[in-house]
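The file model_3.txt contains compact mmCIF, C-alpha atoms and all ligand atoms:
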```txt
# COMPACT_ATOMS: atom_id res chain seq x y z
CA MET A 1 0.30 -25.05 8.38
CA ALA A 2 -1.09 -21.51 8.54
CA THR A 3 -2.11 -19.98 5.21
CA VAL A 4 -2.97 -16.51 3.88
CA GLU A 5 -5.22 -15.48 0.98
CA THR A 6 -3.64 -13.22 -1.64
CA VAL A 7 -5.03 -11.79 -4.87
CA THR A 8 -3.26 -14.59 -6.74
CA GLY A 9 -4.43 -17.36 -4.44
CA ARG A 10 -3.75 -18.93 -1.06
CA ILE A 11 -0.15 -19.21 0.13
CA ASP A 12 1.62 -20.63 3.16
CA ALA A 13 2.17 -17.93 5.76
CA GLU A 14 5.87 -18.85 5.52
CA GLN A 15 5.87 -17.45 1.97
CA LEU A 16 4.86 -13.92 3.03
CA GLY A 17 8.46 -12.84 3.57
CA THR A 18 9.22 -9.17 4.16
CA THR A 19 5.83 -7.49 4.34
CA LEU A 20 4.58 -3.91 4.31
CA ILE A 21 1.42 -4.11 6.36
CA HIS A 22 -0.40 -1.02 5.09
CA GLU A 23 -0.03 0.28 1.51
CA HIS A 24 -2.61 1.23 -1.10
CA LEU A 25 -2.12 0.49 -4.80
CA ILE A 26 -5.11 2.71 -5.60
CA TYR A 27 -7.33 4.93 -3.49
CA ARG A 28 -10.34 6.78 -4.84
CA ASP A 29 -13.97 7.29 -4.06
CA GLU A 30 -15.77 4.46 -5.78
CA ALA A 31 -18.98 6.40 -6.45
CA VAL A 32 -17.08 9.28 -8.10
CA ALA A 33 -14.98 6.82 -10.09
CA SER A 34 -18.09 4.99 -11.24
CA TRP A 35 -20.07 8.11 -12.20
CA TRP A 36 -17.20 10.02 -13.80
CA PRO A 37 -14.63 7.45 -14.85
CA HIS A 38 -12.90 10.01 -17.07
CA VAL A 39 -11.77 11.98 -13.99
CA GLY A 40 -8.93 9.70 -12.93
CA SER A 41 -6.94 10.53 -9.81
CA MET A 42 -3.67 12.07 -8.62
CA VAL A 43 -0.12 10.96 -7.92
CA PRO A 44 0.25 12.53 -4.46
CA VAL A 45 3.99 13.41 -4.34
CA ASP A 46 7.18 14.18 -6.24
CA PRO A 47 5.53 16.41 -7.46
CA PRO A 48 1.76 15.95 -7.23
CA ARG A 49 0.25 15.51 -10.66
CA ALA A 50 -3.04 14.60 -12.25
CA CYS A 51 -3.26 11.01 -13.37
CA GLY A 52 -5.72 9.84 -16.02
CA PRO A 53 -7.69 6.63 -15.54
CA GLU A 54 -5.49 4.86 -18.09
CA GLU A 55 -2.39 5.66 -15.98
CA LEU A 56 -3.60 4.20 -12.67
CA HIS A 57 -2.25 0.75 -13.37
CA GLY A 58 1.18 1.95 -14.52
CA VAL A 59 1.64 4.16 -11.45
CA ALA A 60 0.70 1.29 -9.12
CA VAL A 61 3.15 -0.98 -10.94
CA GLU A 62 5.92 1.60 -10.41
CA SER A 63 5.35 1.62 -6.64
CA ALA A 64 5.13 -2.18 -6.58
CA ARG A 65 8.41 -2.51 -8.51
CA ALA A 66 10.12 -0.07 -6.15
CA VAL A 67 9.25 -2.14 -3.09
CA VAL A 68 10.16 -5.42 -4.79
CA GLU A 69 13.60 -3.89 -5.45
CA ARG A 70 13.94 -3.29 -1.68
CA GLY A 71 13.29 -6.99 -1.01
CA VAL A 72 9.59 -6.73 -0.14
CA LYS A 73 7.64 -9.89 -0.98
CA THR A 74 4.16 -8.84 0.16
CA ILE A 75 1.96 -5.84 0.86
CA CYS A 76 -1.35 -5.74 2.69
CA GLU A 77 -3.82 -3.64 0.68
CA PRO A 78 -6.28 -2.36 3.28
CA THR A 79 -8.63 -0.49 0.95
CA GLY A 80 -12.19 -1.05 2.16
CA MET A 81 -15.63 0.00 0.96
CA PHE A 82 -15.72 3.66 -0.24
CA GLY A 83 -11.96 3.62 -0.96
CA GLY A 84 -12.38 1.89 -4.30
CA ARG A 85 -11.06 -1.56 -3.40
CA ASP A 86 -10.31 -3.28 -6.70
CA VAL A 87 -8.90 -6.76 -6.25
CA ALA A 88 -8.76 -7.44 -10.00
CA PHE A 89 -6.60 -4.30 -10.35
CA SER A 90 -4.36 -5.58 -7.52
CA ARG A 91 -4.14 -8.97 -9.20
CA ARG A 92 -2.91 -7.43 -12.45
CA VAL A 93 -0.27 -5.45 -10.54
CA SER A 94 0.72 -8.58 -8.64
CA GLU A 95 1.03 -10.70 -11.76
CA GLU A 96 3.10 -8.05 -13.50
CA THR A 97 5.53 -7.42 -10.63
CA GLY A 98 5.58 -10.62 -8.56
CA LEU A 99 4.59 -8.63 -5.47
CA GLN A 100 2.13 -10.61 -3.35
CA VAL A 101 -0.92 -8.52 -2.43
CA VAL A 102 -3.15 -9.38 0.54
CA PRO A 103 -6.74 -8.08 0.16
CA CYS A 104 -9.39 -7.24 2.75
CA THR A 105 -13.09 -6.78 3.26
CA GLY A 106 -14.77 -4.16 5.42
CA ILE A 107 -16.01 -0.60 5.41
CA TYR A 108 -13.91 2.56 5.61
CA THR A 109 -16.16 5.27 6.97
CA TYR A 110 -15.97 7.76 9.84
CA GLU A 111 -19.72 8.28 10.06
CA TYR A 112 -21.81 7.71 6.92
CA LEU A 113 -23.46 4.42 6.04
CA PRO A 114 -25.79 3.79 3.11
CA MET A 115 -29.50 3.29 3.97
CA PHE A 116 -28.91 -0.35 3.03
CA PHE A 117 -26.86 -0.72 6.21
CA VAL A 118 -28.72 1.82 8.36
CA THR A 119 -31.82 -0.39 8.16
CA ARG A 120 -29.92 -3.63 8.73
CA ASP A 121 -28.14 -4.87 11.84
CA ALA A 122 -24.51 -5.76 12.49
CA ASP A 123 -25.16 -9.45 11.80
CA ALA A 124 -26.44 -8.72 8.30
CA MET A 125 -23.31 -6.67 7.67
CA ALA A 126 -21.13 -9.45 9.09
CA ASP A 127 -22.77 -11.93 6.66
CA LEU A 128 -21.45 -9.86 3.73
CA PHE A 129 -17.94 -9.71 5.17
CA VAL A 130 -18.03 -13.48 5.69
CA HIS A 131 -19.12 -13.86 2.06
CA ASP A 132 -15.91 -12.10 0.94
CA ILE A 133 -13.84 -14.28 3.28
CA GLU A 134 -15.40 -17.66 2.51
CA GLN A 135 -16.84 -17.30 -1.01
CA SER A 136 -15.14 -14.67 -3.14
CA ILE A 137 -14.83 -10.91 -3.57
CA GLN A 138 -17.13 -9.59 -6.31
CA GLY A 139 -17.06 -12.88 -8.22
CA THR A 140 -13.29 -12.75 -8.80
CA GLY A 141 -12.44 -15.95 -6.96
CA ILE A 142 -10.19 -13.83 -4.70
CA LYS A 143 -10.87 -14.10 -0.96
CA ALA A 144 -10.37 -11.52 1.78
CA ALA A 145 -7.53 -12.22 4.22
CA PHE A 146 -8.40 -9.63 6.84
CA LEU A 147 -11.18 -7.31 7.98
CA LYS A 148 -11.05 -3.51 7.93
CA CYS A 149 -12.93 -0.88 9.90
CA ALA A 150 -12.22 2.70 10.92
CA ALA A 151 -12.80 5.24 13.65
CA ASP A 152 -11.57 8.81 13.27
CA GLU A 153 -12.37 12.33 14.47
CA PRO A 154 -16.14 11.80 14.95
CA GLY A 155 -15.27 8.93 17.33
CA VAL A 156 -17.09 5.64 17.72
CA ASN A 157 -20.60 6.86 16.92
CA GLU A 158 -23.60 4.64 16.23
CA ASN A 159 -22.71 3.71 12.64
CA ILE A 160 -19.04 3.15 13.47
CA GLU A 161 -19.96 0.91 16.38
CA LYS A 162 -22.14 -1.15 14.03
CA VAL A 163 -19.24 -1.62 11.59
CA HIS A 164 -16.91 -2.59 14.44
CA ARG A 165 -19.39 -5.14 15.81
CA ALA A 166 -19.94 -6.57 12.31
CA VAL A 167 -16.19 -6.87 11.71
CA ALA A 168 -15.80 -8.45 15.15
CA ARG A 169 -18.55 -11.02 14.51
CA ALA A 170 -17.11 -11.91 11.10
CA SER A 171 -13.75 -12.38 12.79
CA VAL A 172 -15.19 -14.63 15.50
CA ARG A 173 -17.10 -16.69 12.91
CA THR A 174 -14.14 -17.19 10.58
CA GLY A 175 -10.96 -16.61 12.61
CA THR A 176 -9.99 -13.70 10.32
CA PRO A 177 -7.68 -10.95 11.65
CA ILE A 178 -8.83 -7.33 11.97
CA MET A 179 -7.15 -4.06 11.02
CA ALA A 180 -8.83 -1.08 12.67
CA HIS A 181 -7.95 2.41 11.44
CA SER A 182 -7.66 4.55 14.57
CA ARG A 183 -7.05 8.18 15.51
CA PRO A 184 -4.97 8.52 18.67
CA ALA A 185 -5.69 12.28 18.80
CA SER A 186 -9.37 11.37 19.29
CA ASP A 187 -8.54 8.53 21.70
CA THR A 188 -10.42 5.98 19.55
CA GLY A 189 -8.16 2.95 20.22
CA PRO A 190 -9.39 1.96 23.70
CA ARG A 191 -13.07 2.09 22.66
CA GLN A 192 -12.38 0.08 19.48
CA ILE A 193 -10.64 -2.61 21.53
CA GLU A 194 -13.45 -2.56 24.09
CA ILE A 195 -16.00 -3.41 21.37
CA PHE A 196 -13.83 -6.24 20.01
CA GLU A 197 -13.42 -7.56 23.54
CA GLN A 198 -17.20 -7.49 24.17
CA GLU A 199 -17.73 -9.45 20.95
CA GLY A 200 -15.24 -12.12 21.98
CA VAL A 201 -12.58 -11.36 19.36
CA ASN A 202 -9.15 -12.90 19.88
CA LEU A 203 -7.28 -9.65 20.55
CA SER A 204 -3.99 -11.14 19.34
CA GLN A 205 -5.58 -10.99 15.85
CA VAL A 206 -6.34 -7.27 16.12
CA GLN A 207 -4.14 -4.54 14.70
CA ILE A 208 -4.81 -0.95 15.74
CA ALA A 209 -3.61 0.92 12.66
CA HIS A 210 -2.07 4.42 12.84
CA THR A 211 -1.08 4.11 16.50
CA GLY A 212 2.24 5.57 15.34
CA ASP A 213 0.48 8.91 14.82
CA THR A 214 1.09 9.58 18.52
CA ASP A 215 4.22 9.49 20.68
CA ASP A 216 2.20 9.27 23.89
CA LEU A 217 3.74 6.08 25.29
CA GLY A 218 1.09 5.89 28.01
CA TYR A 219 -1.69 5.73 25.40
CA ILE A 220 0.24 3.20 23.32
CA GLU A 221 1.04 0.91 26.24
CA ARG A 222 -2.61 0.92 27.33
CA LEU A 223 -3.40 -0.58 23.91
CA LEU A 224 -0.47 -3.01 23.98
CA GLU A 225 -1.49 -4.32 27.41
CA LYS A 226 -4.61 -5.71 25.72
CA GLY A 227 -2.46 -7.92 23.48
CA VAL A 228 -3.14 -6.18 20.15
CA TYR A 229 -0.70 -5.28 17.38
CA ILE A 230 -0.09 -1.63 16.57
CA GLY A 231 0.59 -0.02 13.20
CA MET A 232 3.58 2.35 13.15
CA ASP A 233 2.37 2.72 9.64
CA ARG A 234 2.21 6.31 8.45
CA TYR A 235 5.86 7.15 7.91
CA GLY A 236 6.10 10.26 5.76
CA LEU A 237 2.78 11.76 6.86
CA GLU A 238 4.34 14.59 8.81
CA LEU A 239 0.99 16.29 9.36
CA HIS A 240 0.13 13.56 11.86
CA LEU A 241 3.63 13.14 13.39
CA PRO A 242 7.12 13.91 12.08
CA ILE A 243 9.44 11.06 11.19
CA GLU A 244 11.90 11.79 14.01
CA ARG A 245 9.20 11.52 16.66
CA ARG A 246 7.86 8.34 15.02
CA ASN A 247 11.34 6.85 15.20
CA ALA A 248 11.86 7.90 18.82
CA THR A 249 8.58 6.19 19.71
CA VAL A 250 9.44 2.96 17.90
CA THR A 251 12.90 2.98 19.52
CA ALA A 252 11.40 3.43 23.00
CA LEU A 253 8.92 0.61 22.38
CA LEU A 254 11.68 -1.68 21.08
CA GLU A 255 13.62 -0.99 24.29
CA ARG A 256 10.52 -1.97 26.28
CA GLY A 257 10.31 -5.29 24.44
CA TYR A 258 7.46 -4.69 21.99
CA ALA A 259 9.12 -5.74 18.71
CA ASP A 260 6.61 -8.58 18.46
CA ARG A 261 3.64 -6.15 18.49
CA MET A 262 4.63 -3.53 15.89
CA PHE A 263 4.45 -3.05 12.11
CA LEU A 264 6.41 -0.50 10.08
CA SER A 265 4.65 0.89 6.99
CA GLN A 266 3.72 4.13 5.22
CA ASP A 267 0.00 4.05 4.37
CA TYR A 268 1.17 5.29 0.98
CA CYS A 269 -1.33 5.57 -1.87
CA ALA A 270 0.14 5.10 -5.36
CA THR A 271 -2.72 7.30 -6.51
CA LEU A 272 -5.15 9.23 -4.33
CA ASP A 273 -8.19 11.32 -5.28
CA TRP A 274 -8.64 13.17 -1.97
CA TYR A 275 -7.23 16.48 -3.22
CA PRO A 276 -7.00 18.54 -6.37
CA VAL A 277 -3.36 18.81 -7.47
CA GLU A 278 -3.00 22.43 -6.31
CA VAL A 279 -4.16 21.54 -2.79
CA ALA A 280 -1.69 18.65 -2.67
CA GLU A 281 1.03 21.12 -3.73
CA GLN A 282 0.08 23.46 -0.89
CA LEU A 283 0.07 20.59 1.60
CA LEU A 284 3.54 19.53 0.50
CA ALA A 285 4.78 23.14 0.65
CA ALA A 286 3.50 23.22 4.24
CA GLU A 287 5.50 20.01 4.88
CA ALA A 288 2.42 17.88 5.52
CA ALA A 289 4.36 14.98 4.01
CA LYS A 290 8.10 14.39 3.74
CA GLY A 291 9.53 11.63 1.57
CA TRP A 292 6.15 9.88 1.57
CA SER A 293 6.43 6.87 -0.73
CA MET A 294 6.08 3.11 -0.63
CA THR A 295 9.83 2.78 0.11
CA LEU A 296 10.52 5.45 2.76
CA VAL A 297 10.73 2.80 5.49
CA PHE A 298 13.65 1.18 3.65
CA ASP A 299 15.32 4.35 2.41
CA GLU A 300 15.27 6.39 5.63
CA VAL A 301 13.47 4.79 8.55
CA ILE A 302 15.30 1.47 8.93
CA PRO A 303 18.76 3.09 8.71
CA ALA A 304 17.76 5.63 11.39
CA LEU A 305 16.25 2.96 13.65
CA ARG A 306 19.42 0.85 13.29
CA GLU A 307 21.48 3.86 14.25
CA ALA A 308 19.28 4.18 17.34
CA GLY A 309 19.95 0.57 18.35
CA MET A 310 17.37 -1.60 16.55
CA THR A 311 18.79 -5.11 16.05
CA HIS A 312 18.54 -7.33 12.98
CA ASP A 313 16.27 -9.70 14.92
CA GLN A 314 13.91 -6.92 15.97
CA LEU A 315 13.59 -5.77 12.36
CA GLU A 316 12.97 -9.32 11.18
CA THR A 317 10.30 -9.71 13.85
CA MET A 318 8.47 -6.56 12.71
CA MET A 319 8.75 -7.11 8.96
CA VAL A 320 8.47 -10.92 8.65
CA GLU A 321 7.35 -12.67 11.84
CA ASN A 322 4.55 -10.31 12.91
CA PRO A 323 2.81 -10.31 9.49
CA LYS A 324 3.00 -14.12 9.50
CA ARG A 325 1.49 -14.39 12.99
CA TRP A 326 -1.16 -11.71 12.44
CA LEU A 327 -2.34 -12.93 9.01
CA GLY A 328 -1.77 -16.68 9.18
CA ARG A 329 -4.80 -18.82 10.03
ZN ZN A 401 -4.70 3.29 4.75
```
Please re-express this file's structure in C-alpha cells.
Amino acid sequence: MATVETVTGRIDAEQLGTTLIHEHLIYRDEAVASWWPHVGSMVPVDPPRACGPEELHGVAVESARAVVERGVKTICEPTGMFGGRDVAFSRRVSEETGLQVVPCTGIYTYEYLPMFFVTRDADAMADLFVHDIEQSIQGTGIKAAFLKCAADEPGVNENIEKVHRAVARASVRTGTPIMAHSRPASDTGPRQIEIFEQEGVNLSQVQIAHTGDTDDLGYIERLLEKGVYIGMDRYGLELHLPIERRNATVTALLERGYADRMFLSQDYCATLDWYPVEVAEQLLAAEAAKGWSMTLVFDEVIPALREAGMTHDQLETMMVENPKRWLGR
C-alpha cells in the first residue's frame, strides 16, 4: 500500500482525497522574518492589507477552512528554503481545520546559494534533503513527502543546476517525487527534465510546476512526451496568463488525452511578503491577479471547464488520482 507523509503523520495514499497540489499557507523570506519578526507579512488580495505576525496563523486557517468547505481533503505545501517553510505552523493549521498538509524539502532560488552550498557539491546538498525525508524536518518528527527546486528567468545556471542534481539524487536514493518550479517564458522545462533524466530520476515522479503559465501546446507536449506531470497551477495569476487562456489550454490537453498528467491549483499564498501593500494594490489595479484565492479553481475554473466539456472522470483523475499516483510511494 502506497503511503504519503503529511504534517500530522503518514497516511495511506488512498486517504489523500481531493487535493490541491500547490498552495502556500505562509510565504515570507525567512531571513527577514528571523531578523525582524515584528514586520509580519501581507494578505495579498481582497483587498491587500498588512498582516501582523500574530495574524499569520488565523489568515492561514481561513484559507484552509475555505478549501475544506469545497471538499478538499489535502493540500501540498511546496514552500522550500528561503520561502519560510514552517511545518510546525502547517501542523497547527492542519490540526485546527482537519485539512491534510503535505510538506516538502528543497531550495527555492533562481540564482543565489549561501556560501555553505557554494563550497559543497550536489551530493552534500542531497544528504540534507534525504535527512528531511528519512529523519525529520527541523526536529519536528515531520517528514518531507516531496522535493522542491526552481528555475526561473535567469535559467538553469550553475547554482540552479546544482540544486536540480541534488534534488534528483535525493529522489533516486529515496524514491521521493519532485516538484520543479519552471518558467515556460524562459523555456526552462526541457533543461530541467534533461538534468533529471541524466541523473536517472523516474520521470513519472516529476511534476513541472507552472507549465500552465503558457498556452504553447507545442512546448507543453514536448514536456508531456517525457512522461512528467504538469502543474496547471497558477489560476488567478493573470500577469502570467489569463484564466480564459489557461482554461482553453487545459481543455485542449484534456481532448488530447492528458487528464492523467495534469494538476489544477492556484499557487495561492495565504500571506505573502513579496510586496508592500501599496504595490500589491497597484498590481491588482493593473489586473495582475483576478479572483486569486485558494478556492478559485472550485468557484470559477471547474464550472468553466465543465462547460467546455470536461467530464466527471477527468476531474476526478486530476484532483484525486494524479495526486495519489504522484505522491504515493
Ligand atoms: Zn508556489
Report task. State, in Å with one decimal place, the distance from atom CA of His24 of chain A to atom CA of Leu113 of chain A. Result ->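 That distance, rounded to one decimal, is 22.3 Å.
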Per-residue nearest contacts of chain A to ligand ZN 401 (chain A) (7 Å; only C-alpha atoms and all ligand atoms) as JSON lines:
```
{"residue": "A:His22", "atom": "CA", "partner": "A:ZN401", "partner_atom": "ZN", "distance": 6.1}
{"residue": "A:Glu23", "atom": "CA", "partner": "A:ZN401", "partner_atom": "ZN", "distance": 6.4}
{"residue": "A:His24", "atom": "CA", "partner": "A:ZN401", "partner_atom": "ZN", "distance": 6.5}
{"residue": "A:Pro78", "atom": "CA", "partner": "A:ZN401", "partner_atom": "ZN", "distance": 6.0}
{"residue": "A:Thr79", "atom": "CA", "partner": "A:ZN401", "partner_atom": "ZN", "distance": 6.6}
{"residue": "A:Asp267", "atom": "CA", "partner": "A:ZN401", "partner_atom": "ZN", "distance": 4.8}
```
Query - Close residues, Glu5 of chain A itself excluded, 7 Å, all atoms listed in the file, min 5 positions apart in chain, as a ChimeraX atom specification - result: /A:10-11,102,143-145
Query raised in the report: In Å to one decimal, how far is atom CA of Thr295 of chain A from atom CA of Glu55 of chain A?
Result: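 Between atom CA of Glu55 of chain A and atom CA of Thr295 of chain A the gap works out to 20.4 Å.
Residues in contact with Gln15 of chain A at up to 9 Å, not including ones fewer than 5 positions away on its chain and judged by only C-alpha atoms, are Thr3, Lys73, Thr74 and Lys324 of chain A.
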How close does each residue of segment 226-298 of chain A get to segment 200-212 of chain A, giving the shortest atom pair and distance in Å to one decimal for every residue with an atom at most 12 Å away, counting all atoms listed in the file, sorted by chain and residue number, as a tab-separated table?
```
residue	atom	partner	partner_atom	distance
A:Lys226	CA	A:Leu203	CA	7.0
A:Gly227	CA	A:Ser204	CA	5.5
A:Val228	CA	A:Ser204	CA	5.1
A:Tyr229	CA	A:Gln207	CA	4.4
A:Ile230	CA	A:Ile208	CA	4.8
A:Gly231	CA	A:Ala209	CA	4.3
A:Met232	CA	A:Gly212	CA	4.1
A:Asp233	CA	A:His210	CA	5.7
A:Arg234	CA	A:His210	CA	6.4
A:Tyr235	CA	A:Gly212	CA	8.4
A:Gly236	CA	A:Gly212	CA	11.3
A:Leu237	CA	A:Gly212	CA	10.5
A:Glu238	CA	A:Gly212	CA	11.3
A:His240	CA	A:Gly212	CA	9.0
A:Leu241	CA	A:Gly212	CA	7.9
A:Pro242	CA	A:Gly212	CA	10.2
A:Ile243	CA	A:Gly212	CA	10.0
A:Glu244	CA	A:Gly212	CA	11.6
A:Arg245	CA	A:Gly212	CA	9.3
A:Arg246	CA	A:Gly212	CA	6.3
A:Asn247	CA	A:Gly212	CA	9.2
A:Ala248	CA	A:Gly212	CA	10.5
A:Thr249	CA	A:Gly212	CA	7.7
A:Val250	CA	A:Gly212	CA	8.1
A:Thr251	CA	A:Gly212	CA	11.7
A:Leu253	CA	A:Gly212	CA	10.9
A:Asp260	CA	A:Ser204	CA	10.9
A:Arg261	CA	A:Gln207	CA	8.8
A:Met262	CA	A:Gln207	CA	8.9
A:Phe263	CA	A:Ala209	CA	9.0
A:Leu264	CA	A:Gly212	CA	9.0
A:Ser265	CA	A:His210	CA	9.6
A:Gln266	CA	A:His210	CA	9.6
A:Asp267	CA	A:His210	CA	8.7
```
Once you have the residues from the selection above, write them out as a compact mmCIF listing (two decimals), in the frame of the given file, restricted to C-alpha atoms.
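Saved the output as result.txt:
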```txt
# COMPACT_ATOMS: atom_id res chain seq x y z
CA LYS A 226 -4.61 -5.71 25.72
CA GLY A 227 -2.46 -7.92 23.48
CA VAL A 228 -3.14 -6.18 20.15
CA TYR A 229 -0.70 -5.28 17.38
CA ILE A 230 -0.09 -1.63 16.57
CA GLY A 231 0.59 -0.02 13.20
CA MET A 232 3.58 2.35 13.15
CA ASP A 233 2.37 2.72 9.64
CA ARG A 234 2.21 6.31 8.45
CA TYR A 235 5.86 7.15 7.91
CA GLY A 236 6.10 10.26 5.76
CA LEU A 237 2.78 11.76 6.86
CA GLU A 238 4.34 14.59 8.81
CA HIS A 240 0.13 13.56 11.86
CA LEU A 241 3.63 13.14 13.39
CA PRO A 242 7.12 13.91 12.08
CA ILE A 243 9.44 11.06 11.19
CA GLU A 244 11.90 11.79 14.01
CA ARG A 245 9.20 11.52 16.66
CA ARG A 246 7.86 8.34 15.02
CA ASN A 247 11.34 6.85 15.20
CA ALA A 248 11.86 7.90 18.82
CA THR A 249 8.58 6.19 19.71
CA VAL A 250 9.44 2.96 17.90
CA THR A 251 12.90 2.98 19.52
CA LEU A 253 8.92 0.61 22.38
CA ASP A 260 6.61 -8.58 18.46
CA ARG A 261 3.64 -6.15 18.49
CA MET A 262 4.63 -3.53 15.89
CA PHE A 263 4.45 -3.05 12.11
CA LEU A 264 6.41 -0.50 10.08
CA SER A 265 4.65 0.89 6.99
CA GLN A 266 3.72 4.13 5.22
CA ASP A 267 0.00 4.05 4.37
```
Requested in this report: Can you work out the spacing between atom CA of Asn159 of chain A and atom CA of Met179 of chain A in Å, to one decimal?
Outcome: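 According to the coordinates, atom CA of Asn159 of chain A and atom CA of Met179 of chain A are separated by 17.5 Å.
Distances here use all atoms listed in the file; by that measure, the residue among A:Ala150, A:Leu16, A:Ala286, A:Ile137 closest to Gln100 of chain A is A:Leu16.
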Can you tell me, as JSON, the centre and edge lengths (Å, one decimal) of the axis-aligned box enclosing all of segment 272-285 of chain A's listed atoms after padding each side by 4 Å?
```
{"center_x": -1.9, "center_y": 16.3, "center_z": -2.9, "size_x": 21.4, "size_y": 22.2, "size_z": 17.1}
```
Report task. Find, counting all atoms listed in the file, the residue in A:His164, A:Asp215, A:Ala252, A:Pro177 that gets nearest to Arg325 of chain A. Result ->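 Of the candidates, the smallest distance to Arg325 of chain A is held by A:Pro177.
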Query raised in the report: For Glu316 of chain A, which residue among A:Gln135, A:Ala259, A:Phe82, A:Cys269 is the nearest when counting only C-alpha atoms?
Result: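 Once distances to Glu316 of chain A are computed over only C-alpha atoms, the minimum belongs to A:Ala259.
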Query - Nearest to Leu147 of chain A by atom-to-atom distance, counting all atoms listed in the file, from A:His312, A:Arg120, A:His181, A:Lys162 - result: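 Under the stated criterion, the closest residue is A:His181.
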Requested in this report: Rank A:Asp313, A:Asp132, A:Glu111, A:Asp127 by their smallest atom-to-atom distance to Asn157 of chain A, using only C-alpha atoms, and report the top residue only.
Outcome: A:Glu111
Query - Residue nearest Val32 of chain A - candidates A:Tyr108, A:Phe117, A:Tyr268, A:Trp274, atoms counted: all atoms listed in the file - result: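 Closest to Val32 of chain A, using all atoms listed in the file: A:Trp274.
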Find the spatial neighbours of segment 34-46 of chain A, counting only C-alpha atoms, within a cut-off of 9 Å - ignore same-chain residues fewer than 4 positions away - and output them as a PDB file with C-alpha atoms, in the frame of the given file.
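What follows is the written file selection.pdb:
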```
ATOM      1  CA  TYR A  27      -7.330   4.930  -3.490  1.00  0.00           C
ATOM      2  CA  ARG A  28     -10.340   6.780  -4.840  1.00  0.00           C
ATOM      3  CA  ASP A  29     -13.970   7.290  -4.060  1.00  0.00           C
ATOM      4  CA  GLU A  30     -15.770   4.460  -5.780  1.00  0.00           C
ATOM      5  CA  ALA A  50      -3.040  14.600 -12.250  1.00  0.00           C
ATOM      6  CA  CYS A  51      -3.260  11.010 -13.370  1.00  0.00           C
ATOM      7  CA  GLY A  52      -5.720   9.840 -16.020  1.00  0.00           C
ATOM      8  CA  PRO A  53      -7.690   6.630 -15.540  1.00  0.00           C
ATOM      9  CA  GLU A  54      -5.490   4.860 -18.090  1.00  0.00           C
ATOM     10  CA  GLU A  55      -2.390   5.660 -15.980  1.00  0.00           C
ATOM     11  CA  LEU A  56      -3.600   4.200 -12.670  1.00  0.00           C
ATOM     12  CA  VAL A  59       1.640   4.160 -11.450  1.00  0.00           C
ATOM     13  CA  CYS A 269      -1.330   5.570  -1.870  1.00  0.00           C
ATOM     14  CA  ALA A 270       0.140   5.100  -5.360  1.00  0.00           C
ATOM     15  CA  THR A 271      -2.720   7.300  -6.510  1.00  0.00           C
ATOM     16  CA  LEU A 272      -5.150   9.230  -4.330  1.00  0.00           C
ATOM     17  CA  ASP A 273      -8.190  11.320  -5.280  1.00  0.00           C
ATOM     18  CA  TRP A 274      -8.640  13.170  -1.970  1.00  0.00           C
ATOM     19  CA  TYR A 275      -7.230  16.480  -3.220  1.00  0.00           C
ATOM     20  CA  PRO A 276      -7.000  18.540  -6.370  1.00  0.00           C
ATOM     21  CA  VAL A 277      -3.360  18.810  -7.470  1.00  0.00           C
ATOM     22  CA  ALA A 280      -1.690  18.650  -2.670  1.00  0.00           C
ATOM     23  CA  GLU A 281       1.030  21.120  -3.730  1.00  0.00           C
ATOM     24  CA  LEU A 284       3.540  19.530   0.500  1.00  0.00           C
ATOM     25  CA  ALA A 289       4.360  14.980   4.010  1.00  0.00           C
ATOM     26  CA  GLY A 291       9.530  11.630   1.570  1.00  0.00           C
ATOM     27  CA  TRP A 292       6.150   9.880   1.570  1.00  0.00           C
ATOM     28  CA  SER A 293       6.430   6.870  -0.730  1.00  0.00           C
TER      29      SER A 293
END
```
